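> Provided below: target37.txt, containing compact mmCIF, C-alpha atoms.
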# COMPACT_ATOMS: atom_id res chain seq x y z
CA MET U 1 52.60 46.51 31.83
CA LYS U 2 49.90 48.46 30.03
CA LYS U 3 50.60 46.49 26.83
CA ILE U 4 50.26 43.20 28.67
CA SER U 5 47.05 44.43 30.31
CA MET U 6 45.64 45.58 26.97
CA ARG U 7 46.57 42.30 25.33
CA PHE U 8 44.85 40.46 28.18
CA CYS U 9 41.73 42.62 27.77
CA ASN U 10 41.76 42.09 24.01
CA SER U 11 42.08 38.34 24.56
CA LYS U 12 39.16 38.40 26.99
CA SER U 13 37.15 40.41 24.47
CA ILE U 14 37.95 37.93 21.67
CA ILE U 15 37.06 34.93 23.87
CA PHE U 16 33.81 36.61 24.98
CA SER U 17 32.89 37.42 21.36
CA PHE U 18 33.64 33.85 20.32
CA ILE U 19 31.50 32.42 23.14
CA LEU U 20 28.70 34.85 22.25
CA PHE U 21 28.95 33.84 18.58
CA VAL U 22 28.80 30.12 19.45
CA ALA U 23 25.83 30.75 21.78
CA ILE U 24 23.92 32.59 19.05
CA ILE U 25 24.61 29.82 16.52
CA PHE U 26 23.50 27.20 19.07
CA ILE U 27 20.28 29.07 19.80
CA LEU U 28 19.51 29.50 16.09
CA TYR U 29 20.28 25.83 15.41
CA THR U 30 18.14 24.69 18.36
CA ASN U 31 15.25 26.88 17.24
CA SER U 32 15.60 25.47 13.73
CA LEU U 33 15.45 21.90 15.08
CA VAL U 34 12.43 22.75 17.22
CA HIS U 35 10.70 24.38 14.23
CA GLU U 36 11.59 21.43 11.99
CA SER U 37 10.40 18.94 14.62
CA HIS U 38 7.15 20.89 15.06
CA GLU U 39 6.70 21.06 11.28
CA ILE U 40 7.26 17.31 10.87
CA LYS U 41 4.93 16.59 13.79
CA SER U 42 2.28 18.86 12.29
CA LYS U 43 2.60 17.16 8.91
CA LYS U 44 2.27 13.74 10.54
CA GLN U 45 -0.80 14.88 12.45
CA ALA U 46 -2.25 16.38 9.27
CA GLN U 47 -1.61 13.17 7.35
CA THR U 48 -3.22 11.06 10.06
CA GLN U 49 -6.18 13.38 10.42
CA ASN U 50 -6.52 13.62 6.65
CA SER U 51 -6.64 9.87 6.13
CA ASP U 52 -8.79 9.24 9.18
CA SER U 53 -11.20 11.92 8.01
CA LEU U 54 -12.01 9.80 4.96
CA ILE U 55 -14.24 7.82 7.34
CA ALA U 56 -17.75 9.25 7.16
CA PRO U 57 -19.87 9.77 10.30
CA LYS U 58 -22.10 6.87 11.30
CA ASN U 59 -25.87 6.82 11.72
CA VAL U 60 -26.62 9.80 9.49
CA THR U 61 -28.85 10.18 6.44
CA VAL U 62 -27.48 10.09 2.90
CA GLU U 63 -28.11 13.82 2.57
CA GLU U 64 -26.25 14.54 5.81
CA ARG U 65 -23.32 12.38 4.73
CA ILE U 66 -23.04 14.07 1.33
CA LYS U 67 -23.21 17.47 3.02
CA TRP U 68 -20.43 16.39 5.42
CA PHE U 69 -18.31 15.13 2.54
CA LYS U 70 -18.66 18.33 0.48
CA LYS U 71 -17.70 20.39 3.54
CA LYS U 72 -14.64 18.22 4.26
CA LEU U 73 -13.56 17.90 0.61
CA PRO U 74 -11.02 20.79 0.71
CA ASP U 75 -9.20 18.94 3.52
CA PHE U 76 -8.77 15.69 1.58
CA GLN U 77 -5.29 15.81 0.06
CA ILE U 78 -5.95 12.72 -2.06
CA PHE U 79 -8.44 14.68 -4.18
CA LYS U 80 -6.15 17.66 -4.77
CA SER U 81 -4.39 18.23 -8.07
CA ASN U 82 -1.35 20.50 -8.33
CA GLY U 83 1.95 20.81 -10.14
CA PHE U 84 3.53 18.05 -8.06
CA THR U 85 0.71 15.49 -8.32
CA GLN U 86 0.34 16.18 -12.04
CA ARG U 87 3.79 14.66 -12.55
CA PHE U 88 2.32 11.27 -11.58
CA HIS U 89 2.25 9.93 -15.14
CA ILE U 90 5.78 11.14 -15.88
CA ARG U 91 7.14 9.59 -12.69
CA VAL U 92 5.38 6.26 -13.28
CA THR U 93 6.43 6.16 -16.94
CA GLU U 94 10.07 6.70 -15.99
CA ILE U 95 9.93 3.46 -14.01
CA MET U 96 7.77 1.54 -16.47
CA GLU U 97 10.18 2.32 -19.32
CA ASP U 98 13.14 0.88 -17.45
CA ASN U 99 14.11 -2.08 -19.64
CA ASN U 100 15.85 -3.75 -16.71
CA CYS U 101 12.56 -4.28 -14.84
CA GLU U 102 11.75 -7.99 -14.90
CA VAL U 103 8.21 -7.51 -13.56
CA HIS U 104 6.31 -4.28 -12.85
CA PHE U 105 4.45 -4.31 -9.53
CA PHE U 106 1.93 -1.84 -8.11
CA MET U 107 0.72 -1.42 -4.55
CA THR U 108 -1.47 1.27 -2.99
CA TRP U 109 -1.29 2.85 0.44
CA ILE U 110 -4.17 5.29 1.02
CA ALA U 111 -3.64 5.50 4.77
CA PRO U 112 -1.52 7.34 7.35
CA ILE U 113 2.19 6.55 7.07
CA GLU U 114 2.21 5.54 10.74
CA SER U 115 0.07 2.52 9.92
CA PHE U 116 2.59 1.23 7.36
CA GLY U 117 4.13 -1.31 9.68
CA ARG U 118 6.65 -4.12 9.82
CA ARG U 119 4.30 -6.62 8.20
CA GLN U 120 3.93 -4.40 5.13
CA PHE U 121 7.70 -4.01 4.90
CA LEU U 122 8.16 -7.78 5.09
CA GLY U 123 5.83 -8.09 2.10
CA MET U 124 8.11 -5.84 0.04
CA ASP U 125 11.17 -7.63 1.40
CA THR U 126 9.95 -11.01 0.13
CA LEU U 127 8.90 -9.49 -3.20
CA PHE U 128 12.49 -8.49 -3.95
CA LYS U 129 13.93 -11.79 -2.70
CA VAL U 130 12.04 -13.51 -5.53
CA HIS U 131 12.22 -10.59 -8.02
CA PRO U 132 15.60 -8.89 -7.50
CA ASN U 133 15.17 -7.18 -10.88
CA GLY U 134 11.53 -6.27 -10.33
CA CYS U 135 10.20 -2.71 -10.03
CA LEU U 136 7.64 -1.69 -7.41
CA ILE U 137 5.53 1.47 -7.55
CA ILE U 138 3.55 2.28 -4.41
CA ILE U 139 0.73 4.70 -5.22
CA SER U 140 0.60 6.74 -2.04
CA GLU U 141 0.64 10.35 -0.96
CA THR U 142 1.81 9.58 2.58
CA LEU U 143 4.70 7.30 1.59
CA ASP U 144 5.83 9.80 -1.06
CA SER U 145 7.51 11.85 1.65
CA LEU U 146 10.73 12.16 3.64
CA GLN U 147 9.47 9.68 6.21
CA GLY U 148 8.34 7.35 3.45
CA ARG U 149 11.77 7.44 1.82
CA ARG U 150 13.29 6.49 5.17
CA ILE U 151 10.99 3.47 5.34
CA LEU U 152 11.95 2.35 1.83
CA LYS U 153 15.66 3.19 2.20
CA PRO U 154 16.81 -0.28 3.41
CA LEU U 155 15.56 -1.71 0.11
CA VAL U 156 16.82 1.18 -2.03
CA VAL U 157 20.38 1.02 -0.65
CA LEU U 158 20.52 -2.64 -1.69
CA GLY U 159 19.77 -1.58 -5.25
CA PHE U 160 16.11 -2.62 -5.40
CA LYS U 161 13.81 -0.45 -7.48
CA VAL U 162 10.96 0.76 -5.29
CA ARG U 163 9.32 4.19 -5.34
CA ALA U 164 6.25 5.79 -3.80
CA VAL U 165 4.37 8.14 -6.13
CA THR U 166 1.60 10.58 -5.17
CA PRO U 167 -1.49 10.00 -7.34
CA ASP U 168 -3.25 12.66 -9.36
CA LEU U 169 -6.79 11.34 -9.53
CA PRO U 170 -8.15 13.63 -12.29
CA SER U 171 -5.39 12.68 -14.74
CA LEU U 172 -5.18 9.03 -13.63
CA PHE U 173 -8.94 8.53 -14.02
CA ASN U 174 -9.14 10.53 -17.24
CA ASN U 175 -10.70 8.71 -20.23
CA THR U 176 -12.01 5.86 -18.07
CA PRO U 177 -15.39 5.32 -16.35
CA ALA U 178 -13.59 6.26 -13.11
CA GLU U 179 -13.61 9.88 -14.33
CA THR U 180 -17.42 10.00 -14.09
CA TRP U 181 -17.36 8.46 -10.61
CA LEU U 182 -14.80 11.03 -9.43
CA ASN U 183 -16.88 13.94 -10.75
CA GLU U 184 -20.03 12.58 -9.10
CA ILE U 185 -18.40 11.91 -5.74
CA THR U 186 -16.66 15.29 -5.54
CA SER U 187 -19.70 17.27 -6.73
CA GLY U 188 -21.98 15.66 -4.15
CA VAL U 189 -24.11 13.69 -6.61
CA LYS U 190 -23.02 10.32 -5.21
CA ASP U 191 -23.13 9.09 -1.60
CA PRO U 192 -19.59 8.24 -0.35
CA GLY U 193 -21.09 5.73 2.08
CA GLU U 194 -20.08 4.56 5.54
CA VAL U 195 -17.24 2.28 4.42
CA PRO U 196 -13.94 4.24 4.68
CA LEU U 197 -13.56 6.02 1.36
CA SER U 198 -9.83 5.29 1.42
CA GLN U 199 -10.66 1.61 1.03
CA ASN U 200 -12.80 2.22 -2.02
CA LEU U 201 -10.26 4.61 -3.51
CA SER U 202 -7.66 1.86 -3.21
CA ASN U 203 -10.05 -0.53 -4.97
CA LEU U 204 -10.47 1.89 -7.86
CA ILE U 205 -6.90 3.20 -8.11
CA ARG U 206 -5.48 -0.32 -8.48
CA LEU U 207 -7.86 -1.06 -11.35
CA VAL U 208 -7.10 2.11 -13.27
CA ALA U 209 -3.33 1.81 -12.71
CA ILE U 210 -3.28 -1.76 -14.05
CA TYR U 211 -5.55 -0.78 -16.95
CA LYS U 212 -3.40 2.19 -17.99
CA TYR U 213 0.07 0.77 -17.34
CA GLY U 214 -0.24 -3.02 -17.09
CA GLY U 215 1.63 -5.22 -14.65
CA VAL U 216 0.93 -6.87 -11.32
CA TYR U 217 -1.14 -5.33 -8.55
CA LEU U 218 -0.52 -6.73 -5.05
CA ASP U 219 -1.97 -5.92 -1.65
CA THR U 220 0.73 -5.15 0.91
CA ASP U 221 -0.05 -8.21 3.06
CA PHE U 222 1.56 -10.96 0.98
CA ILE U 223 4.58 -13.17 1.44
CA ILE U 224 5.96 -13.82 -2.05
CA LEU U 225 7.32 -17.32 -2.69
CA LYS U 226 7.55 -17.77 -6.46
CA SER U 227 8.30 -15.56 -9.47
CA PHE U 228 5.38 -13.88 -11.23
CA SER U 229 7.41 -13.39 -14.42
CA GLY U 230 5.57 -16.13 -16.33
CA LEU U 231 2.07 -14.93 -15.42
CA ARG U 232 -0.14 -12.83 -17.71
CA ASN U 233 -3.79 -11.80 -17.66
CA SER U 234 -4.52 -13.83 -14.56
CA ILE U 235 -6.75 -13.46 -11.51
CA GLY U 236 -6.67 -15.52 -8.37
CA GLY U 237 -9.61 -17.65 -7.39
CA GLN U 238 -10.33 -17.63 -3.66
CA THR U 239 -13.00 -20.33 -3.30
CA ILE U 240 -14.97 -22.57 -5.65
CA ASP U 241 -18.48 -23.89 -5.15
CA ASP U 242 -18.39 -27.69 -5.09
CA VAL U 243 -21.72 -28.01 -6.94
CA SER U 244 -21.82 -25.15 -9.44
CA LYS U 245 -18.03 -24.97 -9.88
CA ILE U 246 -18.33 -21.18 -9.88
CA TRP U 247 -15.29 -19.31 -8.58
CA THR U 248 -15.33 -16.49 -6.05
CA PHE U 249 -12.46 -14.11 -6.75
CA ASN U 250 -10.46 -11.54 -4.86
CA ASN U 251 -8.87 -8.26 -5.98
CA ALA U 252 -5.75 -8.58 -3.80
CA VAL U 253 -3.79 -9.85 -6.84
CA LEU U 254 -4.42 -8.63 -10.39
CA ILE U 255 -2.08 -9.50 -13.28
CA PHE U 256 -3.02 -7.91 -16.60
CA ASP U 257 -1.64 -6.37 -19.77
CA ARG U 258 -2.26 -2.69 -20.38
CA SER U 259 -5.76 -1.82 -21.67
CA HIS U 260 -7.09 -5.28 -20.97
CA PRO U 261 -10.89 -5.37 -21.64
CA LEU U 262 -11.68 -7.26 -18.43
CA VAL U 263 -10.04 -4.58 -16.29
CA TYR U 264 -12.01 -1.93 -18.18
CA ARG U 265 -15.19 -3.79 -17.28
CA PHE U 266 -14.09 -3.84 -13.64
CA ILE U 267 -13.72 -0.04 -13.72
CA HIS U 268 -17.07 0.35 -15.47
CA GLU U 269 -18.76 -1.84 -12.85
CA PHE U 270 -17.23 0.23 -10.05
CA ALA U 271 -18.56 3.49 -11.48
CA ALA U 272 -21.98 2.08 -12.44
CA THR U 273 -22.79 0.12 -9.27
CA PHE U 274 -20.79 1.92 -6.56
CA ASP U 275 -22.19 1.39 -3.06
CA GLY U 276 -20.13 2.87 -0.25
CA ASN U 277 -22.24 1.23 2.45
CA LYS U 278 -21.40 -2.42 1.70
CA TRP U 279 -17.98 -3.79 2.59
CA GLY U 280 -16.37 -5.56 -0.36
CA HIS U 281 -19.09 -4.54 -2.84
CA ASN U 282 -16.65 -2.36 -4.80
CA GLY U 283 -13.67 -4.69 -4.30
CA PRO U 284 -13.57 -8.50 -4.10
CA LYS U 285 -17.30 -8.87 -4.76
CA LEU U 286 -17.08 -6.57 -7.78
CA VAL U 287 -14.30 -8.64 -9.33
CA SER U 288 -16.32 -11.80 -8.68
CA ARG U 289 -19.49 -10.35 -10.25
CA VAL U 290 -17.77 -9.31 -13.45
CA ALA U 291 -15.36 -12.23 -13.85
CA GLN U 292 -18.13 -14.79 -13.34
CA LYS U 293 -20.19 -13.18 -16.11
CA LEU U 294 -17.35 -12.95 -18.60
CA ALA U 295 -15.35 -16.10 -17.84
CA GLN U 296 -16.68 -17.98 -20.86
CA LYS U 297 -16.24 -15.14 -23.37
CA PRO U 298 -12.98 -15.62 -25.30
CA GLU U 299 -12.59 -11.93 -26.11
CA PHE U 300 -11.82 -11.26 -22.45
CA ASN U 301 -9.00 -13.82 -22.40
CA PHE U 302 -7.97 -14.35 -18.78
CA THR U 303 -6.73 -17.24 -16.67
CA VAL U 304 -8.24 -18.26 -13.35
CA MET U 305 -5.49 -19.23 -10.95
CA PRO U 306 -6.45 -21.85 -8.32
CA ALA U 307 -6.87 -20.78 -4.70
CA THR U 308 -3.54 -22.37 -3.77
CA SER U 309 -1.75 -19.84 -5.99
CA PHE U 310 -2.38 -16.79 -3.79
CA TYR U 311 -4.82 -17.77 -1.05
CA PRO U 312 -3.56 -21.15 0.21
CA ILE U 313 -4.53 -20.34 3.80
CA GLU U 314 -8.08 -19.32 4.65
CA TRP U 315 -8.34 -16.22 6.80
CA SER U 316 -10.10 -18.16 9.57
CA LEU U 317 -7.10 -20.53 9.86
CA MET U 318 -4.37 -17.90 9.63
CA GLU U 319 -3.81 -17.55 13.38
CA ARG U 320 -2.52 -21.12 13.66
CA PHE U 321 0.30 -20.30 11.27
CA TYR U 322 1.57 -17.67 13.70
CA LYS U 323 1.80 -19.99 16.71
CA LYS U 324 4.94 -21.92 17.66
CA PRO U 325 4.56 -25.71 17.97
CA GLU U 326 3.69 -26.86 21.48
CA ASN U 327 4.26 -30.59 20.94
CA SER U 328 5.54 -33.10 18.40
CA SER U 329 2.21 -33.19 16.58
CA ASP U 330 2.28 -29.39 16.13
CA LEU U 331 5.89 -29.58 14.95
CA ARG U 332 5.05 -32.15 12.28
CA TRP U 333 2.16 -29.98 11.12
CA VAL U 334 4.42 -26.91 10.87
CA GLN U 335 7.05 -28.81 8.88
CA LYS U 336 4.44 -30.27 6.57
CA MET U 337 2.78 -26.92 5.85
CA VAL U 338 6.06 -25.12 5.20
CA ILE U 339 7.22 -27.81 2.76
CA GLU U 340 3.88 -27.76 0.94
CA LEU U 341 3.92 -23.97 0.58
CA ILE U 342 7.55 -23.64 -0.50
CA SER U 343 7.70 -26.62 -2.87
CA GLY U 344 4.16 -26.42 -4.26
CA ASP U 345 2.47 -24.20 -6.84
CA VAL U 346 2.09 -21.33 -4.37
CA TYR U 347 3.11 -17.95 -5.77
CA ALA U 348 2.26 -15.96 -2.66
CA VAL U 349 0.56 -16.31 0.72
CA HIS U 350 -2.08 -13.73 1.56
CA LEU U 351 -1.79 -12.85 5.26
CA TRP U 352 -5.28 -11.35 5.64
CA ASN U 353 -3.89 -8.47 7.71
CA LYS U 354 -7.40 -7.28 8.49
CA PHE U 355 -7.64 -10.28 10.81
CA SER U 356 -4.00 -11.19 11.57
CA GLN U 357 -2.22 -7.82 11.88
CA ILE U 358 -2.21 -7.85 15.70
CA VAL U 359 -1.34 -11.56 16.02
CA PRO U 360 2.37 -11.90 16.91
CA ILE U 361 4.53 -14.19 14.78
CA GLU U 362 6.07 -16.62 17.26
CA ASP U 363 9.55 -18.10 16.88
CA GLY U 364 9.34 -21.54 15.31
CA SER U 365 5.91 -20.96 13.80
CA ALA U 366 5.10 -21.86 10.21
CA MET U 367 4.89 -18.16 9.35
CA ALA U 368 8.27 -17.35 10.93
CA ILE U 369 9.96 -20.15 8.99
CA LEU U 370 8.20 -19.14 5.77
CA ILE U 371 9.26 -15.51 6.08
CA SER U 372 12.85 -16.39 7.06
CA HIS U 373 13.07 -18.51 3.92
CA SER U 374 11.68 -15.73 1.72
CA CYS U 375 13.18 -12.44 2.90
CA VAL U 376 16.33 -10.43 2.10
CA ILE U 377 16.67 -8.03 5.02
CA CYS U 378 14.64 -10.17 7.41
CA ASP U 379 14.31 -7.57 10.18
CA TYR U 380 11.30 -7.37 12.49
CA ILE U 381 9.87 -10.81 11.68
CA TYR U 382 8.50 -11.06 15.18
CA THR U 383 7.28 -7.47 15.42
CA PRO U 384 3.68 -6.60 14.38
Kindly transcribe the structure held in the file into C-alpha cells.

Amino acid sequence: MKKISMRFCNSKSIIFSFILFVAIIFILYTNSLVHESHEIKSKKQAQTQNSDSLIAPKNVTVEERIKWFKKKLPDFQIFKSNGFTQRFHIRVTEIMEDNNCEVHFFMTWIAPIESFGRRQFLGMDTLFKVHPNGCLIIISETLDSLQGRRILKPLVVLGFKVRAVTPDLPSLFNNTPAETWLNEITSGVKDPGEVPLSQNLSNLIRLVAIYKYGGVYLDTDFIILKSFSGLRNSIGGQTIDDVSKIWTFNNAVLIFDRSHPLVYRFIHEFAATFDGNKWGHNGPKLVSRVAQKLAQKPEFNFTVMPATSFYPIEWSLMERFYKKPENSSDLRWVQKMVIELISGDVYAVHLWNKFSQIVPIEDGSAMAILISHSCVICDYIYTP
C-alpha cells in the first residue's frame, strides 16, 4: 500500500513539475512575443516619425529652419552612415552584375513603410508582367526591413528579382556635385526649405543612382504596358508648347547609360540651384531647365519620348479613368481608351498618385481593365 501511495505521490510530483515547466515556457514565450511586438511597434513608430520629421516647420525664418534641421539631424536615419549602409554599393553591384537581368530598374521610397500601399505594389506587379527577367532595386531604408521583405515576398516567391537596399548617401554621392550639396545641407550652410526634404532627396538619389549605375528610373505610380528593353538615353516629354515647340519634361522616368553627361548636368544643376521652398524646382522643373538648354547639343545625345509614351493621361483627367461606365456612351469611351493605351506606343501610364491615390478604382473602369490586363498577381486592384 505504501508503494502504491509513493508511486501515486511521485506521479503527482512529476505531473506538477511538467505543468510548472510548461507554464514557465509559456510565460517566457508570451513575454518574448510581447517584447518582439513592442520592438516592432517601436521601430514602426520610429520609422514614421523619422520620415515625417523630414518636413520642416512652417512660417519660420531661414535661420530658424536651419537651426531646427541641425538639431534634428542626429534623428534622421537617411543621413547616417554605418557598416550596414556602407554595403550599399556591394549590394547594388551584386544585382547589376547579374547577366540574366534583361533591364535594370531603380525606384526610391524615402517615406514610412506604412505609406507603401496597394497602388505602389500594383506598379511593381505590372513591371514584372512585362519584364519577367528584369531586376528592380528599390533604394529605401524603410523597405529594407523585415516588414519590407514581407511586402515584396509575393513577387520574390514567383522568382522575380526585386530587392530594397538602404542607401549610404556619403558614398553614393561621392565624386559627384551631390557630395557638395550633402556637405552644405548637413553642416547648416544651406536652407533645407519647406518642401519635405524626403521629396528632394528622392529627386537627387534617382539622378545619382542612374548616373553611377545606369538603367531605368521609375516612380512607383506607373502601370507598365510595354517593354523598356529597346530604350536608351531617353527622357519622357510631358507637354509641348504649340508655338515654340519646346518640351516640358518630367523626372518620373529616366533611362540612361552609366555616366551619361546629361545626368551629370542634372546633378550639377540640383547642387548649384537647390531651392527647398519651391515644389518641383529640384525635380521636374530642373530636368526641363537642363534638357531644354542642351537638347540641340549632340554631345549630350538623348532622345525625347513623346508624351504618349509615359504620360498619356493628364493628371487633371485621371479621375475619369477610375470611374465605372454609367451608360453606353461611357462604356464606349472606356473601351476606346483601353484599346488605344494597350495597342498604341504607350510604354507606361503615370497614375499621378499625388492626385489620384485616394480615388477608388471602380470595377469596369478603364483603369481596372488596364491593370487586369497588365498584372501578374493582380491582388488589391480595387483597394487604395
> What's the 10 Å shell around Pro306 (chain U), counting only C-alpha atoms, without same-chain residues fewer than 6 positions away, as a ChimeraX atom specification?
/U:235-240,247,249,312,345-346
> May I have a table of the residues of region 243-320 of chain U lying at most 12 Å from region 94-109 of chain U, giving each one's closest pair of atoms and their distance in Å to one decimal, counting only C-alpha atoms, ordered by chain and ascending residue number, as JSON lines?

{"residue": "U:Asn251", "atom": "CA", "partner": "U:Met107", "partner_atom": "CA", "distance": 11.9}
{"residue": "U:Ala252", "atom": "CA", "partner": "U:Met107", "partner_atom": "CA", "distance": 9.7}
{"residue": "U:Val253", "atom": "CA", "partner": "U:Met107", "partner_atom": "CA", "distance": 9.8}
{"residue": "U:Leu254", "atom": "CA", "partner": "U:Phe106", "partner_atom": "CA", "distance": 9.6}
{"residue": "U:Ile255", "atom": "CA", "partner": "U:Phe105", "partner_atom": "CA", "distance": 9.1}
{"residue": "U:Phe256", "atom": "CA", "partner": "U:His104", "partner_atom": "CA", "distance": 10.7}
{"residue": "U:Asp257", "atom": "CA", "partner": "U:His104", "partner_atom": "CA", "distance": 10.7}
{"residue": "U:Arg258", "atom": "CA", "partner": "U:His104", "partner_atom": "CA", "distance": 11.5}
> Take the selection from the previous step and output its residues with C-alpha atoms, as a short mmCIF file (atom, residue, chain, number, x, y, z; two decimals), in the coordinates of the input.

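Final file, selection17.cif:
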data_model
loop_
_atom_site.label_atom_id
_atom_site.label_comp_id
_atom_site.auth_asym_id
_atom_site.auth_seq_id
_atom_site.Cartn_x
_atom_site.Cartn_y
_atom_site.Cartn_z
CA ASN U 251 -8.87 -8.26 -5.98
CA ALA U 252 -5.75 -8.58 -3.80
CA VAL U 253 -3.79 -9.85 -6.84
CA LEU U 254 -4.42 -8.63 -10.39
CA ILE U 255 -2.08 -9.50 -13.28
CA PHE U 256 -3.02 -7.91 -16.60
CA ASP U 257 -1.64 -6.37 -19.77
CA ARG U 258 -2.26 -2.69 -20.38
#
> Give, as AutoDock Vina command-line options, the centre coordinates and the x, y and z edge lengths in Å to one decimal for an axis-aligned box around all listed atoms of region 69-82 of chain U, padded by 5 Å on each side.

--center_x -10.0 --center_y 16.8 --center_z -2.0 --size_x 27.3 --size_y 18.1 --size_z 22.6
> Work out how far apart CA of Ala307 (chain U) and CA of Leu331 (chain U) are and give it in Å to one decimal.
25.0 Å
> Tell me, as a list of chain:residue names, which residues lie within 7 Å of Leu225 (chain U), counting all atoms listed in the file; anything in the same chain fewer than 4 positions away does not count.
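The residues satisfying every condition are U:Val130, U:Ile342, U:Val346, U:Tyr347, U:Ala348, U:Ser374.
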> Could you state the separation of CA of Met124 (chain U) and CA of Gln357 (chain U) in Å, given to one decimal place?
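Result for CA of Met124 (chain U) versus CA of Gln357 (chain U): 15.8 Å, one decimal.
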> Would you tabulate, counting all atoms listed in the file, all residues of region 183-206 of chain U that have an atom at most 10 Å from an atom of region 166-175 of chain U, showing the closest pair of atoms and their distance in Å to one decimal, sorted by chain then ascending number, as JSON lines?

{"residue": "U:Asn183", "atom": "CA", "partner": "U:Pro170", "partner_atom": "CA", "distance": 8.9}
{"residue": "U:Leu201", "atom": "CA", "partner": "U:Leu169", "partner_atom": "CA", "distance": 9.7}
{"residue": "U:Leu204", "atom": "CA", "partner": "U:Phe173", "partner_atom": "CA", "distance": 9.2}
{"residue": "U:Ile205", "atom": "CA", "partner": "U:Leu172", "partner_atom": "CA", "distance": 8.2}
> So that I can check the surroundings of Gln335 (chain U), please list as a VMD selection string every protein, DNA and RNA residue that reaches within 12 Å of it, counting all atoms listed in the file and ignoring chain neighbours fewer than 6 positions away.
chain U and resid 321 324 to 325 328 to 329 341 to 343 364 to 370
> Could you tell me how far CA of Ala295 (chain U) sits from CA of Val243 (chain U), in Å to one decimal place?
17.4 Å
